[in-house]
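*Asks:* Here it is: the structure, laid out below.
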Amino acid sequence: MTESRDIRIERLLREHAPRVLGAVIRRFRDFGASEDAAQEALLAAALQWPREGVPDDPRAWLIQVASRRITDHVRAETARRHREALVVSLVPPELQLVMSLDGDELAGRDDALVLLFMCCHPALSTASAIALTLRAVGGLTTAEIAKAFLVPEATMAQRISRAKQSIKSSGVPFQKPTPEERAQRLGAVLHVLYLIFNEGYTATSGPELHRTDLSGEAIRLTRMLHTLLPEDGEVAGLLALMLLTDARRAARTGPAGELIPLDAQDRSLWDAGMIAEGIALISATLSRGSVGMYQVQAAIAAVHDEASRAEDTDWPQVLALYEVLMGLMDNPMVALNHAIATAMVHGPRAGLSLLEGLAREGRLEGNHRLDAVRAHLLERAGKTGAAVVHYRKAAERTTSLPERDYLLTQAARLSDDMA
């Protein structure tokens, strides 16, 4: 089998995984059992499709196999007469042992967006709902989710496990939310989409800088959400942010996959169509008068994208926008970017002073980005030796190979200059 076929099957499975899980949960109303069954179906596909070929309707095939796994489990439990209550809780009476796909499934209904809202369950805290959704919809590993939340992997594994148990013990059905519930859960859904996109745009681990399967899915789902809620400013702002950011993707890596920072990118490679669409979206939503954190971040991205050269960037405007953003969200990564903008306007020493405050807070303890930014500002301040130390420290702490290689290259470059 050729490599291209391997990659095609892997992409198909990634694409269909959240939609299959959403369909199975909608039928059987049990998250844990549905997730197990969906994983078994994906494993079966990974083993069978390379040998037997991809079915005409991969999604229907996966749903059918996952449904069989749950039904077989119910039958086995019933036959042994153990835990009879499981049959009632796992499969609603009208659906017990029914194997045929329903009309929505036959029509190819996309359940991924519905699953997003379902995962933001009222029995869960916002943080737990986001973590569970990243696992179910985004397909992120526990380690990747832990990095997004800046917590240890073991802590995140416990959080996800407790989230599943909380849903099961709450007695509240795991089902499609009402319009009122959808409005209550929108903030968590937007945050999930934001995190999925970020992991796709800059992968926290592995040999590639990008995971286009994740960033592409995040954009697709956000487009669907914008179609559903066209007047919501933050939905439009998030979509604009994704488009304006993803527009630079082709210029972020060189021929060998090496990372190219924003100020060194060939801006002719940026996607002009995505930039135009993103600017139109953010301009329209800002004109309505309401301002949220995704809209402000999109406005910052627009300032960068509108500059034809790095030196043309309107850094005072970027700094002003970050100061607005700091008032909207208490996030250490926003504070880190604010320090960069401060350095670009008021000099590297001003930025380094802000970094010292961030370091004392401890929320970015062990995070490689704090060391990477410190190294960059130290270099700009002429403190070459200290910059080398922090470039190397950042390289040791990142699990992204492109980022590690870039940071080591910077350290080597400065070391050569010092020699």
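Labels for the structure tokens follow display order: chains A, B, ..., residues from 1 in each chain, ligands from 1.
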I'd like the neighbourhood of segment 17-19 of chain A as a PyMOL selection string, where a residue qualifies if any of its atoms comes within 9 Å (using only C-alpha atoms), though same-chain residues fewer than 6 positions away should be ignored.

*Replies:* chain A and resi 38-39+42+59+62+109-113+115+136-139

*Asks:* What's the 7 Å shell around Ala411 of chain A, counting only C-alpha atoms, without same-chain residues fewer than 6 positions away, as a list of chain:residue names?

*Replies:* A:Val388, A:Tyr391, A:Arg392

*Asks:* At a cut-off of 8 Å, using only C-alpha atoms, what residues contact Gln265 of chain A? Leave out same-chain residues fewer than 3 positions from it and give the result as a list in words.

*Replies:*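 Skipping anything fewer than 3 positions along the chain leaves Ala251, Arg252, Ile260, Pro261 and Leu262 of chain A.
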
*Asks:* Quick one: contact table of segment 151-231 of chain A to segment 285-289 of chain A, 12 Å max, nearest atom pair and distance in Å to one decimal per residue, counting only C-alpha atoms, chain and number order, as a tab-separated table?

*Replies:*
```
residue	atom	partner	partner_atom	distance
A:His226	CA	A:Thr285	CA	11.9
A:Pro230	CA	A:Thr285	CA	10.0
A:Glu231	CA	A:Thr285	CA	8.3
```

*Asks:* Calculated over only C-alpha atoms, which of the candidates A:Gly278, A:Gly233, A:Gly382, A:Gly327 has the smallest distance to Ile219 of chain A?

*Replies:* A:Gly278

*Asks:* Rank nothing, just name the residue among A:Leu239, A:Ala395, A:Met333, A:Ile275 nearest to Arg363 of chain A, using only C-alpha atoms.

*Replies:*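 For Arg363 of chain A, the nearest of the given residues is A:Met333.
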
*Asks:* Mind running segment 341-405 of chain A against segment 194-216 of chain A at 9 Å and telling me each contacting residue's nearest atom pair with the distance in Å (one decimal), counting only C-alpha atoms, chain and number ascending, as a tab-separated table?

*Replies:*
```
residue	atom	partner	partner_atom	distance
A:Thr398	CA	A:Thr204	CA	7.7
A:Thr399	CA	A:Ser205	CA	4.6
A:Ser400	CA	A:Ser205	CA	4.1
A:Leu401	CA	A:Pro207	CA	5.0
A:Pro402	CA	A:Leu209	CA	5.9
A:Glu403	CA	A:Leu209	CA	7.5
```

*Asks:* So which one's closest to Ala387 of chain A, A:Leu134, A:Ile167, A:Leu352, A:Leu243? Using only C-alpha atoms, please.

*Replies:*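 Among A:Leu134, A:Ile167, A:Leu352, A:Leu243, it is A:Leu352 that comes nearest to Ala387 of chain A.
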
*Asks:* Restricting the calculation to only C-alpha atoms, which member of A:Arg26, A:His338, A:Arg267, A:Lys176 is positioned closest to Ser308 of chain A?

*Replies:*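 Once distances to Ser308 of chain A are computed over only C-alpha atoms, the minimum belongs to A:Arg267.
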
*Asks:* List the neighbours of Ala46 of chain A out to 12 Å using only C-alpha atoms; skip same-chain residues closer than 2 positions along the sequence, and give me the result as JSON, numbers by chain.

*Replies:* {"A": [5, 6, 7, 8, 9, 10, 11, 12, 13, 14, 39, 40, 41, 42, 43, 44, 48, 49, 50, 51, 52, 53, 54, 58, 62]}

*Asks:* Using only C-alpha atoms for the distances, tell me which of A:Ser290, A:Gln165, A:Gln175, A:Gln158 is nearest to Arg27 of chain A.

*Replies:*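 Smallest distance to Arg27 of chain A is found for A:Gln175.
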
*Asks:* What is the atom CA of Lys383 of chain A to atom CA of Arg349 of chain A distance in Å?

*Replies:* 10.7 Å

*Asks:* Have a look at A:Thr142, A:Cys120, A:Val318, A:His376 and name the one nearest to Thr155 of chain A; count only C-alpha atoms.

*Replies:* A:Thr142

*Asks:* As a count of residues only, please: all residues of segment 38-259 of chain A that backbone DSSP puts in helix (DSSP H, G or I).

*Replies:* 153
